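structure.cif follows; it contains mmCIF, C-alpha atoms.
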data_start
loop_
_atom_site.label_atom_id
_atom_site.label_comp_id
_atom_site.auth_asym_id
_atom_site.auth_seq_id
_atom_site.Cartn_x
_atom_site.Cartn_y
_atom_site.Cartn_z
CA MET A 1 16.45 9.77 -7.59
CA ASP A 2 18.36 11.77 -4.99
CA LEU A 3 16.03 11.31 -2.06
CA PRO A 4 17.19 11.49 1.54
CA GLU A 5 18.06 8.17 3.12
CA ARG A 6 15.31 8.41 5.78
CA LEU A 7 12.69 8.73 3.07
CA LEU A 8 14.26 6.08 0.84
CA LYS A 9 14.15 3.59 3.72
CA VAL A 10 10.37 3.92 3.95
CA VAL A 11 9.97 3.74 0.16
CA ARG A 12 11.99 0.50 0.13
CA GLN A 13 9.93 -0.99 2.95
CA PHE A 14 6.62 -0.20 1.25
CA GLY A 15 8.00 -1.60 -1.99
CA ARG A 16 8.23 -5.01 -0.31
CA LEU A 17 4.44 -5.24 0.01
CA PRO A 18 2.38 -7.00 -2.67
CA GLY A 19 0.91 -4.71 -5.30
CA VAL A 20 3.11 -1.78 -4.28
CA GLY A 21 5.46 -0.62 -7.02
CA GLU A 22 8.11 2.09 -6.77
CA LYS A 23 5.68 4.88 -7.68
CA THR A 24 3.02 3.84 -5.18
CA ALA A 25 5.65 3.35 -2.46
CA LEU A 26 6.97 6.88 -3.03
CA ARG A 27 3.46 8.33 -3.08
CA GLN A 28 2.56 6.59 0.17
CA SER A 29 5.84 7.61 1.82
CA LEU A 30 5.35 11.25 0.79
CA ILE A 31 1.82 11.26 2.25
CA MET A 32 3.26 9.93 5.50
CA THR A 33 5.77 12.80 5.67
CA LYS A 34 2.71 14.98 6.36
CA TRP A 35 1.65 12.86 9.36
CA ASN A 36 2.55 14.04 12.83
CA LYS A 37 4.97 12.13 15.03
CA GLU A 38 2.20 10.46 17.05
CA ASP A 39 0.57 9.00 13.94
CA LEU A 40 3.91 7.69 12.71
CA VAL A 41 4.63 6.05 16.07
CA ASN A 42 1.15 4.47 16.13
CA PHE A 43 1.73 3.02 12.66
CA ALA A 44 5.15 1.71 13.64
CA GLU A 45 3.90 0.16 16.88
CA ALA A 46 1.01 -1.55 15.09
CA VAL A 47 3.44 -3.14 12.63
CA LYS A 48 5.74 -4.27 15.45
CA GLY A 49 2.72 -5.76 17.21
CA LEU A 50 2.36 -8.30 14.39
CA ALA A 51 5.39 -10.13 15.82
CA GLU A 52 3.33 -10.83 18.95
CA LEU A 53 0.34 -12.19 17.03
CA ASN A 54 -0.61 -15.65 18.32
CA HIS A 55 -2.13 -18.62 16.55
CA CYS A 56 -5.30 -20.17 17.97
CA LYS A 57 -4.35 -23.38 19.81
CA LYS A 58 -7.22 -25.19 18.11
CA CYS A 59 -7.80 -23.99 14.55
CA GLY A 60 -4.55 -22.10 13.84
CA MET A 61 -6.21 -18.75 13.06
CA PHE A 62 -4.49 -15.55 14.28
CA CYS A 63 -5.70 -14.41 17.67
CA ASP A 64 -4.79 -12.06 20.51
CA ASP A 65 -4.76 -14.72 23.21
CA LYS A 66 -4.90 -18.52 23.20
CA LEU A 67 -8.10 -19.14 21.28
CA CYS A 68 -9.68 -17.30 18.36
CA LYS A 69 -13.17 -15.81 18.54
CA ILE A 70 -14.76 -18.70 16.67
CA CYS A 71 -13.17 -21.35 18.92
CA MET A 72 -14.52 -19.43 21.92
CA ASP A 73 -18.02 -19.00 20.42
CA HIS A 74 -20.29 -21.38 22.37
CA ASN A 75 -22.65 -21.97 19.42
CA ARG A 76 -19.86 -22.91 17.09
CA VAL A 77 -17.73 -24.96 19.47
CA SER A 78 -20.64 -27.38 19.92
CA SER A 79 -20.82 -27.87 16.14
CA LYS A 80 -19.88 -31.34 14.88
CA THR A 81 -18.53 -29.97 11.58
CA ILE A 82 -14.98 -28.83 10.82
CA CYS A 83 -14.11 -26.95 7.63
CA VAL A 84 -10.50 -27.63 6.60
CA VAL A 85 -8.75 -24.81 4.71
CA GLU A 86 -5.23 -24.20 3.38
CA SER A 87 -4.65 -20.68 4.66
CA VAL A 88 -5.88 -17.78 6.75
CA THR A 89 -7.09 -16.01 3.60
CA ASP A 90 -9.20 -19.03 2.60
CA TYR A 91 -10.59 -19.14 6.16
CA LEU A 92 -11.55 -15.48 5.86
CA ALA A 93 -13.13 -16.00 2.42
CA ILE A 94 -15.43 -18.71 3.78
CA GLU A 95 -16.24 -16.75 6.91
CA ARG A 96 -17.11 -13.75 4.72
CA SER A 97 -19.64 -15.81 2.77
CA GLY A 98 -21.54 -15.99 6.07
CA ASN A 99 -23.07 -19.40 5.43
CA PHE A 100 -20.84 -21.66 7.47
CA ARG A 101 -21.56 -21.96 11.21
CA GLY A 102 -19.15 -24.75 12.15
CA LYS A 103 -15.50 -24.74 13.22
CA PHE A 104 -12.36 -24.31 11.15
CA HIS A 105 -9.00 -25.97 10.85
CA ILE A 106 -6.14 -24.31 8.98
CA LEU A 107 -3.55 -26.64 7.41
CA PHE A 108 -1.09 -23.87 6.46
CA GLY A 109 -0.33 -25.57 3.15
CA VAL A 110 -1.05 -28.74 1.20
CA LEU A 111 0.89 -31.97 0.78
CA ASN A 112 3.74 -31.39 -1.64
CA PRO A 113 6.44 -34.09 -1.57
CA LEU A 114 8.61 -32.22 -4.09
CA MET A 115 8.81 -29.26 -1.70
CA GLY A 116 9.32 -31.58 1.27
CA ILE A 117 5.86 -30.95 2.73
CA GLY A 118 4.49 -34.21 4.12
CA PRO A 119 1.71 -35.01 6.64
CA ASP A 120 4.01 -34.07 9.55
CA GLU A 121 4.66 -30.58 8.21
CA LEU A 122 0.91 -29.94 7.96
CA LYS A 123 0.42 -31.37 11.48
CA LEU A 124 -2.33 -33.64 10.13
CA ASP A 125 -2.03 -35.82 13.26
CA TYR A 126 -3.31 -32.88 15.21
CA LEU A 127 -6.33 -32.58 12.90
CA PHE A 128 -7.12 -36.28 13.40
CA SER A 129 -6.81 -36.04 17.18
CA ARG A 130 -9.03 -32.94 17.12
CA ILE A 131 -11.65 -34.91 15.19
CA GLN A 132 -11.59 -37.56 17.92
CA ASP A 133 -11.47 -35.22 20.92
CA GLU A 134 -14.24 -32.95 19.68
CA GLU A 135 -16.37 -35.83 18.40
CA VAL A 136 -16.51 -34.34 14.92
CA GLU A 137 -18.96 -36.06 12.58
CA GLU A 138 -18.50 -34.09 9.37
CA LEU A 139 -15.45 -32.71 7.59
CA ILE A 140 -15.75 -30.19 4.76
CA LEU A 141 -12.51 -30.01 2.77
CA ALA A 142 -12.41 -26.45 1.39
CA VAL A 143 -9.04 -27.09 -0.24
CA ASN A 144 -8.29 -25.37 -3.54
CA PRO A 145 -8.37 -27.48 -6.73
CA SER A 146 -4.78 -28.44 -7.65
CA VAL A 147 -2.79 -31.68 -7.88
CA GLU A 148 -1.47 -31.10 -4.35
CA GLY A 149 -4.89 -30.10 -3.05
CA ASP A 150 -6.47 -33.25 -4.52
CA ALA A 151 -3.74 -35.41 -2.96
CA THR A 152 -4.22 -33.77 0.42
CA CYS A 153 -7.97 -34.43 0.32
CA ALA A 154 -7.42 -38.05 -0.74
CA TYR A 155 -4.93 -38.54 2.11
CA ILE A 156 -7.26 -37.08 4.74
CA LYS A 157 -10.22 -39.15 3.50
CA GLN A 158 -8.11 -42.32 3.58
CA MET A 159 -6.87 -41.75 7.14
CA LEU A 160 -10.33 -41.30 8.62
CA PRO A 161 -12.81 -44.01 9.66
CA GLU A 162 -15.88 -44.55 7.46
CA THR A 163 -18.12 -43.19 10.24
CA ILE A 164 -16.97 -39.65 9.57
CA SER A 165 -18.57 -37.92 6.59
CA VAL A 166 -15.93 -36.23 4.42
CA ASP A 167 -17.05 -33.76 1.71
CA ARG A 168 -15.08 -31.58 -0.62
CA ILE A 169 -16.49 -28.19 -1.70
CA GLY A 170 -18.06 -28.12 -5.17
CA PHE A 171 -16.21 -26.98 -8.27
CA GLY A 172 -17.87 -25.54 -11.37
CA ILE A 173 -18.94 -22.33 -13.08
CA PRO A 174 -18.75 -19.36 -10.66
CA MET A 175 -21.90 -17.34 -10.01
CA GLY A 176 -22.24 -14.57 -12.61
CA GLY A 177 -19.74 -16.44 -14.76
CA SER A 178 -20.31 -17.12 -18.44
CA LEU A 179 -19.61 -20.48 -20.12
CA GLU A 180 -18.09 -18.54 -23.01
CA TYR A 181 -15.22 -17.27 -20.86
CA VAL A 182 -14.70 -20.18 -18.49
CA ASP A 183 -11.71 -22.48 -19.10
CA SER A 184 -12.21 -26.07 -20.35
CA LEU A 185 -11.07 -27.69 -17.11
CA THR A 186 -13.69 -25.80 -15.12
CA ILE A 187 -16.35 -26.78 -17.67
CA THR A 188 -15.28 -30.44 -17.41
CA LYS A 189 -15.59 -30.19 -13.61
CA ALA A 190 -18.97 -28.47 -13.94
CA LEU A 191 -20.24 -31.29 -16.18
CA GLU A 192 -19.00 -33.90 -13.69
CA ASN A 193 -20.65 -32.03 -10.83
CA ARG A 194 -24.01 -31.64 -12.57
CA ARG A 195 -27.09 -31.97 -10.39
CA HIS A 196 -30.33 -33.65 -11.33
CA LEU A 197 -33.24 -31.19 -11.27
CA MET B 198 -14.90 -9.57 10.51
CA ASP B 199 -13.70 -11.12 13.77
CA LEU B 200 -10.00 -10.48 13.41
CA PRO B 201 -7.67 -10.16 16.39
CA GLU B 202 -7.06 -6.62 17.58
CA ARG B 203 -3.31 -6.73 16.81
CA LEU B 204 -4.04 -7.52 13.17
CA LEU B 205 -6.93 -5.04 12.93
CA LYS B 206 -4.64 -2.26 14.16
CA VAL B 207 -2.31 -2.81 11.20
CA VAL B 208 -5.23 -3.08 8.76
CA ARG B 209 -6.56 0.24 10.04
CA GLN B 210 -3.16 1.91 9.73
CA PHE B 211 -2.67 0.73 6.14
CA GLY B 212 -6.21 1.85 5.34
CA ARG B 213 -5.15 5.42 6.08
CA LEU B 214 -2.79 5.45 3.10
CA PRO B 215 -3.94 6.77 -0.27
CA GLY B 216 -5.15 4.11 -2.69
CA VAL B 217 -5.37 1.44 0.02
CA GLY B 218 -8.89 0.15 0.60
CA GLU B 219 -10.02 -2.35 3.21
CA LYS B 220 -9.22 -5.37 1.01
CA THR B 221 -5.71 -4.22 0.10
CA ALA B 222 -5.00 -3.27 3.71
CA LEU B 223 -5.99 -6.74 4.87
CA ARG B 224 -3.96 -8.39 2.11
CA GLN B 225 -0.87 -6.36 2.98
CA SER B 226 -1.30 -6.97 6.71
CA LEU B 227 -1.65 -10.73 6.16
CA ILE B 228 1.52 -10.78 4.07
CA MET B 229 3.33 -9.02 6.90
CA THR B 230 2.22 -11.68 9.37
CA LYS B 231 4.64 -13.95 7.48
CA TRP B 232 7.59 -11.58 8.04
CA ASN B 233 10.02 -12.30 10.82
CA LYS B 234 10.38 -10.00 13.81
CA GLU B 235 13.49 -8.28 12.45
CA ASP B 236 11.76 -7.29 9.22
CA LEU B 237 8.79 -5.93 11.14
CA VAL B 238 11.04 -3.87 13.40
CA ASN B 239 12.94 -2.51 10.36
CA PHE B 240 9.68 -1.45 8.77
CA ALA B 241 8.47 0.17 11.98
CA GLU B 242 11.76 2.01 12.56
CA ALA B 243 11.80 3.32 8.97
CA VAL B 244 8.31 4.75 9.45
CA LYS B 245 9.27 6.34 12.79
CA GLY B 246 12.33 7.84 11.09
CA LEU B 247 10.05 10.01 8.94
CA ALA B 248 9.41 12.17 12.01
CA GLU B 249 13.10 13.12 11.98
CA LEU B 250 13.11 14.06 8.29
CA ASN B 251 14.48 17.59 7.83
CA HIS B 252 13.70 20.24 5.25
CA CYS B 253 16.54 21.75 3.24
CA LYS B 254 17.31 25.22 4.67
CA LYS B 255 17.43 26.63 1.16
CA CYS B 256 14.89 25.00 -1.16
CA GLY B 257 12.59 23.23 1.34
CA MET B 258 13.09 19.72 -0.07
CA PHE B 259 13.34 16.80 2.38
CA CYS B 260 16.89 15.99 3.41
CA ASP B 261 18.84 14.04 5.99
CA ASP B 262 20.91 16.99 7.22
CA LYS B 263 20.74 20.74 6.66
CA LEU B 264 20.91 20.96 2.89
CA CYS B 265 19.50 18.69 0.18
CA LYS B 266 21.70 17.04 -2.41
CA ILE B 267 20.87 19.58 -5.12
CA CYS B 268 21.65 22.55 -2.85
CA MET B 269 25.03 20.94 -2.08
CA ASP B 270 25.79 20.12 -5.74
CA HIS B 271 28.50 22.59 -6.81
CA ASN B 272 27.38 22.68 -10.45
CA ARG B 273 23.82 23.50 -9.58
CA VAL B 274 24.45 25.93 -6.72
CA SER B 275 26.32 28.19 -9.15
CA SER B 276 23.27 28.23 -11.47
CA LYS B 277 21.48 31.57 -11.79
CA THR B 278 18.11 29.91 -12.34
CA ILE B 279 15.56 28.93 -9.71
CA CYS B 280 12.56 26.75 -10.55
CA VAL B 281 9.63 27.51 -8.22
CA VAL B 282 7.25 24.61 -7.51
CA GLU B 283 4.23 24.06 -5.28
CA SER B 284 5.16 20.76 -3.67
CA VAL B 285 7.75 18.04 -3.19
CA THR B 286 5.95 15.85 -5.73
CA ASP B 287 6.12 18.60 -8.38
CA TYR B 288 9.83 19.04 -7.57
CA LEU B 289 10.37 15.31 -8.10
CA ALA B 290 8.39 15.33 -11.36
CA ILE B 291 10.62 18.04 -12.82
CA GLU B 292 13.79 16.41 -11.52
CA ARG B 293 12.65 13.13 -13.09
CA SER B 294 12.34 14.77 -16.52
CA GLY B 295 16.14 15.22 -16.26
CA ASN B 296 16.27 18.44 -18.28
CA PHE B 297 16.54 21.05 -15.56
CA ARG B 298 19.99 21.74 -14.11
CA GLY B 299 19.25 24.78 -11.94
CA LYS B 300 18.07 25.11 -8.34
CA PHE B 301 14.62 24.64 -6.86
CA HIS B 302 12.39 26.45 -4.43
CA ILE B 303 9.34 24.76 -2.93
CA LEU B 304 6.44 27.04 -1.93
CA PHE B 305 4.44 24.33 -0.10
CA GLY B 306 1.19 25.67 -1.52
CA VAL B 307 -0.19 28.56 -3.56
CA LEU B 308 -1.84 31.84 -2.56
CA ASN B 309 -5.41 31.13 -1.50
CA PRO B 310 -7.04 34.00 0.45
CA LEU B 311 -10.22 31.97 1.07
CA MET B 312 -8.17 29.33 2.90
CA GLY B 313 -6.14 32.00 4.69
CA ILE B 314 -2.97 31.34 2.72
CA GLY B 315 -1.25 34.65 1.98
CA PRO B 316 2.32 35.56 0.99
CA ASP B 317 3.49 35.12 4.62
CA GLU B 318 2.23 31.53 4.81
CA LEU B 319 4.19 30.62 1.66
CA LYS B 320 7.27 32.43 3.05
CA LEU B 321 7.56 34.35 -0.22
CA ASP B 322 9.81 36.91 1.51
CA TYR B 323 12.35 34.16 1.86
CA LEU B 324 12.16 33.39 -1.88
CA PHE B 325 12.77 37.08 -2.66
CA SER B 326 15.73 37.30 -0.27
CA ARG B 327 17.15 34.10 -1.78
CA ILE B 328 16.91 35.65 -5.25
CA GLN B 329 18.95 38.61 -3.98
CA ASP B 330 21.50 36.64 -1.95
CA GLU B 331 22.17 34.07 -4.66
CA GLU B 332 22.13 36.67 -7.47
CA VAL B 333 19.45 34.76 -9.33
CA GLU B 334 18.79 36.05 -12.85
CA GLU B 335 16.02 33.76 -14.03
CA LEU B 336 12.92 32.36 -12.34
CA ILE B 337 10.89 29.52 -13.84
CA LEU B 338 7.46 29.29 -12.28
CA ALA B 339 6.49 25.62 -12.54
CA VAL B 340 3.21 26.25 -10.75
CA ASN B 341 0.16 24.22 -11.78
CA PRO B 342 -2.54 25.94 -13.84
CA SER B 343 -5.38 27.01 -11.50
CA VAL B 344 -6.89 30.31 -10.39
CA GLU B 345 -4.69 30.21 -7.27
CA GLY B 346 -1.61 29.18 -9.24
CA ASP B 347 -2.15 32.03 -11.71
CA ALA B 348 -2.54 34.52 -8.86
CA THR B 349 0.63 33.24 -7.18
CA CYS B 350 2.61 33.67 -10.41
CA ALA B 351 1.21 37.18 -10.96
CA TYR B 352 2.13 38.13 -7.37
CA ILE B 353 5.69 36.85 -7.68
CA LYS B 354 6.22 38.60 -11.02
CA GLN B 355 4.89 41.86 -9.58
CA MET B 356 7.15 41.77 -6.52
CA LEU B 357 10.36 41.30 -8.51
CA PRO B 358 12.41 43.96 -10.31
CA GLU B 359 12.30 44.06 -14.12
CA THR B 360 15.94 42.90 -14.26
CA ILE B 361 14.95 39.36 -13.28
CA SER B 362 13.52 37.22 -16.05
CA VAL B 363 10.33 35.44 -14.90
CA ASP B 364 8.89 32.62 -17.05
CA ARG B 365 6.00 30.30 -16.47
CA ILE B 366 6.12 26.74 -17.82
CA GLY B 367 4.17 26.17 -21.03
CA PHE B 368 0.63 24.80 -21.11
CA GLY B 369 -0.87 22.91 -24.03
CA ILE B 370 -1.47 19.47 -25.49
CA PRO B 371 0.57 16.83 -23.64
CA MET B 372 3.01 14.71 -25.65
CA GLY B 373 1.25 11.66 -27.06
CA GLY B 374 -2.07 13.41 -26.43
CA SER B 375 -4.81 13.64 -29.01
CA LEU B 376 -6.81 16.81 -29.77
CA GLU B 377 -9.92 14.64 -29.89
CA TYR B 378 -9.69 13.79 -26.20
CA VAL B 379 -8.20 16.98 -24.77
CA ASP B 380 -10.54 19.38 -22.93
CA SER B 381 -11.50 22.76 -24.42
CA LEU B 382 -9.57 24.81 -21.87
CA THR B 383 -6.34 23.00 -22.72
CA ILE B 384 -6.99 23.53 -26.44
CA THR B 385 -7.60 27.25 -25.81
CA LYS B 386 -4.27 27.41 -23.92
CA ALA B 387 -2.54 25.46 -26.67
CA LEU B 388 -3.84 27.91 -29.30
CA GLU B 389 -2.66 30.87 -27.19
CA ASN B 390 0.73 29.24 -26.73
CA ARG B 391 1.22 28.44 -30.44
CA ARG B 392 4.74 28.85 -31.79
CA HIS B 393 5.67 30.24 -35.18
CA LEU B 394 7.55 27.64 -37.23
#
Kindly transcribe the structure held in the file into structure tokens.
Amino acid sequence: MDLPERLLKVVRQFGRLPGVGEKTALRQSLIMTKWNKEDLVNFAEAVKGLAELNHCKKCGMFCDDKLCKICMDHNRVSSKTICVVESVTDYLAIERSGNFRGKFHILFGVLNPLMGIGPDELKLDYLFSRIQDEEVEELILAVNPSVEGDATCAYIKQMLPETISVDRIGFGIPMGGSLEYVDSLTITKALENRRHL
Amino acid sequence: MDLPERLLKVVRQFGRLPGVGEKTALRQSLIMTKWNKEDLVNFAEAVKGLAELNHCKKCGMFCDDKLCKICMDHNRVSSKTICVVESVTDYLAIERSGNFRGKFHILFGVLNPLMGIGPDELKLDYLFSRIQDEEVEELILAVNPSVEGDATCAYIKQMLPETISVDRIGFGIPMGGSLEYVDSLTITKALENRRHL
């Protein structure tokens, strides 16, 4: 379509975002043409600000300064439990559930030799030294179920002394799920993970 | 959720866009945290550029300079037909259909006395002077069907001399539509607009 270059630039930029097709990008860009200059500048500055986003020196979560809010929370810092996750989104999912009051550690990936991701790339040494420094007693591996995820969990378990309790989150039928629609692998896992009543 | 302020700012800005809820805004913002600084600056500059977007001096469409591409297209400028639309999105919808080769005129609204929108707010005088200056012979009113749209069409028709042909686009059953699911008002319009075969 013969749109002016200034508008097309914005459409192209929005089109780079996940879940935004050409139509949505155009719709969003056209709405923004109605914004005043101040609003546009605010939007632009907010986006630029992402480049200055820091990672928490301890857990790896995004933060404004050196430490994230959880790693500065007195109640949680004294916890002897670390929950290990693959990504920021997984961290947020667990935090949203509201039932975990310990600390986090983000791996930013899982072991994947084919892609050249080994223990050094995930900075696993740093996790192990954190466990020592902070006298952690319990590790909850909230790593997603996949061949790479399983390998990562096995590696972490193997590298730690027996004195530290290492758990992996449970796999099975999701709440509100129906056996009829759940895949066979999940059902197999659910049978393995059955609990005596 | 305890997210850093720099990230929250972006989430809030995305949340202002149509069709973007809190979850989508967070997802899009998190994806952008993986972009490098250059990409973020490009995005921000594109958004800021919208403030410098001009309107075509003739038809009102967005353009980079003084005139839009259609108003500079020799074949179309010589056309004696103007299609009158309410908004940029309606303009684009007609242009997308690919079957109109005349010129456009965007009203940026319809007459709505209750909201204080009269002929002066829509700059209808300018449409009438354009019709004279460009020796327009035919006007197609592609205004949406609504009380205000009907009134706008009636007003335009009334203000023009008999020598100028004024049509309104047809209303009826949409292509691929089914009588079973179409509302009564549309069926009434479709019956009124029946064509002898």
Only residues of chain A matter here; which ones have an atom within 6 Å of chain B, counting only C-alpha atoms? Give them as a PDB file with C-alpha atoms, in the coordinates of the input.
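Result file is result17.pdb:
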ATOM      1  CA  PRO A   4      17.190  11.490   1.540  1.00  0.00           C
ATOM      2  CA  LYS A   9      14.150   3.590   3.720  1.00  0.00           C
ATOM      3  CA  VAL A  10      10.370   3.920   3.950  1.00  0.00           C
ATOM      4  CA  GLN A  13       9.930  -0.990   2.950  1.00  0.00           C
ATOM      5  CA  LYS A  37       4.970  12.130  15.030  1.00  0.00           C
ATOM      6  CA  LEU A  40       3.910   7.690  12.710  1.00  0.00           C
ATOM      7  CA  VAL A  41       4.630   6.050  16.070  1.00  0.00           C
ATOM      8  CA  PHE A  43       1.730   3.020  12.660  1.00  0.00           C
ATOM      9  CA  ALA A  44       5.150   1.710  13.640  1.00  0.00           C
ATOM     10  CA  ALA A  46       1.010  -1.550  15.090  1.00  0.00           C
ATOM     11  CA  VAL A  47       3.440  -3.140  12.630  1.00  0.00           C
ATOM     12  CA  LYS A  48       5.740  -4.270  15.450  1.00  0.00           C
ATOM     13  CA  ALA A  51       5.390 -10.130  15.820  1.00  0.00           C
ATOM     14  CA  CYS A  63      -5.700 -14.410  17.670  1.00  0.00           C
ATOM     15  CA  ASP A  64      -4.790 -12.060  20.510  1.00  0.00           C
TER      16      ASP A  64
END
* **Result set, the PyMOL selection byres ((chain B and resi 303) around 6) on current file, as a PyMOL selection string** => chain B and resi 256-257+281-284+302+304-305
* Pull out every residue that the PyMOL selection byres ((chain A and resi 126-142) around 7) matches in the shown coordinates and put them as an MDAnalysis selection string. => chainID A and resid 80:85 123:125 143:144 153 164:169
Kindly provide, as AutoDock Vina command-line options, the centre and edge lengths (Å, one decimal) of an axis-aligned box around all atoms of range 247-264 of chain B given in the file, with 5 Å on each side.
--center_x 15.2 --center_y 18.3 --center_z 5.4 --size_x 21.5 --size_y 26.6 --size_z 23.2
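Between CA of Asp347 in chain B and CA of Phe301 in chain B the interatomic distance comes to 19.0 Å.
Rounded to one decimal, CA of Ser184 in chain A and CA of Gly109 in chain A lie 26.3 Å from each other.
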* Interatomic distance (Å, one decimal) between CA of Met269 in chain B and CA of Asp317 in chain B -> 26.6 Å
* To do: Check the smallest atom-to-atom distance from each of A:Gly21, A:Pro113, A:Pro145, A:Gly98 to Gly172 in chain A using only C-alpha atoms, then report the winner.
  => A:Pro145
* **Within 9 Å of range 173-175 of chain A using all atoms listed in the file, minus same-chain residues under 4 positions, as a PyMOL selection string** => chain A and resi 179+182+186-187+189-190
Residues of the last selection are to be written out with C-alpha atoms, as a PDB file, keeping the file's coordinate frame.
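Okay, this is what ended up in selection-v4.pdb:
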ATOM      1  CA  LEU A 179     -19.610 -20.480 -20.120  1.00  0.00           C
ATOM      2  CA  VAL A 182     -14.700 -20.180 -18.490  1.00  0.00           C
ATOM      3  CA  THR A 186     -13.690 -25.800 -15.120  1.00  0.00           C
ATOM      4  CA  ILE A 187     -16.350 -26.780 -17.670  1.00  0.00           C
ATOM      5  CA  LYS A 189     -15.590 -30.190 -13.610  1.00  0.00           C
ATOM      6  CA  ALA A 190     -18.970 -28.470 -13.940  1.00  0.00           C
TER       7      ALA A 190
END
How would range 141-152 of chain A read, as a CSV table (one decimal), keeping the file's coordinate frame, once N, CA, C and O atoms are built in?
chain,number,residue,atom,x,y,z
A,141,LEU,N,-13.8,-30.4,3.2
A,141,LEU,CA,-12.5,-30.0,2.8
A,141,LEU,C,-12.6,-28.8,1.8
A,141,LEU,O,-13.0,-29.0,0.6
A,142,ALA,N,-12.4,-27.6,2.3
A,142,ALA,CA,-12.4,-26.4,1.4
A,142,ALA,C,-11.0,-26.2,0.9
A,142,ALA,O,-10.4,-25.1,1.1
A,143,VAL,N,-10.4,-27.2,0.3
A,143,VAL,CA,-9.0,-27.1,-0.2
A,143,VAL,C,-9.1,-26.7,-1.7
A,143,VAL,O,-10.0,-27.3,-2.4
A,144,ASN,N,-8.2,-25.8,-2.2
A,144,ASN,CA,-8.3,-25.4,-3.5
A,144,ASN,C,-8.0,-26.5,-4.5
A,144,ASN,O,-7.3,-27.4,-4.2
A,145,PRO,N,-8.6,-26.4,-5.7
A,145,PRO,CA,-8.4,-27.5,-6.7
A,145,PRO,C,-7.0,-27.4,-7.4
A,145,PRO,O,-6.7,-26.4,-8.0
A,146,SER,N,-6.1,-28.3,-7.1
A,146,SER,CA,-4.8,-28.4,-7.6
A,146,SER,C,-4.3,-29.9,-7.4
A,146,SER,O,-5.0,-30.6,-6.6
A,147,VAL,N,-3.3,-30.3,-8.1
A,147,VAL,CA,-2.8,-31.7,-7.9
A,147,VAL,C,-2.5,-31.9,-6.4
A,147,VAL,O,-2.9,-32.9,-5.8
A,148,GLU,N,-1.8,-31.0,-5.8
A,148,GLU,CA,-1.5,-31.1,-4.4
A,148,GLU,C,-2.7,-31.1,-3.5
A,148,GLU,O,-2.8,-31.8,-2.5
A,149,GLY,N,-3.7,-30.2,-3.8
A,149,GLY,CA,-4.9,-30.1,-3.0
A,149,GLY,C,-5.7,-31.4,-3.1
A,149,GLY,O,-6.2,-31.9,-2.1
A,150,ASP,N,-5.7,-32.0,-4.3
A,150,ASP,CA,-6.5,-33.2,-4.5
A,150,ASP,C,-5.8,-34.4,-3.7
A,150,ASP,O,-6.5,-35.1,-3.0
A,151,ALA,N,-4.5,-34.4,-3.7
A,151,ALA,CA,-3.7,-35.4,-3.0
A,151,ALA,C,-4.0,-35.3,-1.5
A,151,ALA,O,-4.2,-36.3,-0.7
A,152,THR,N,-4.0,-34.0,-1.0
A,152,THR,CA,-4.2,-33.8,0.4
A,152,THR,C,-5.6,-34.3,0.8
A,152,THR,O,-5.8,-34.9,1.9
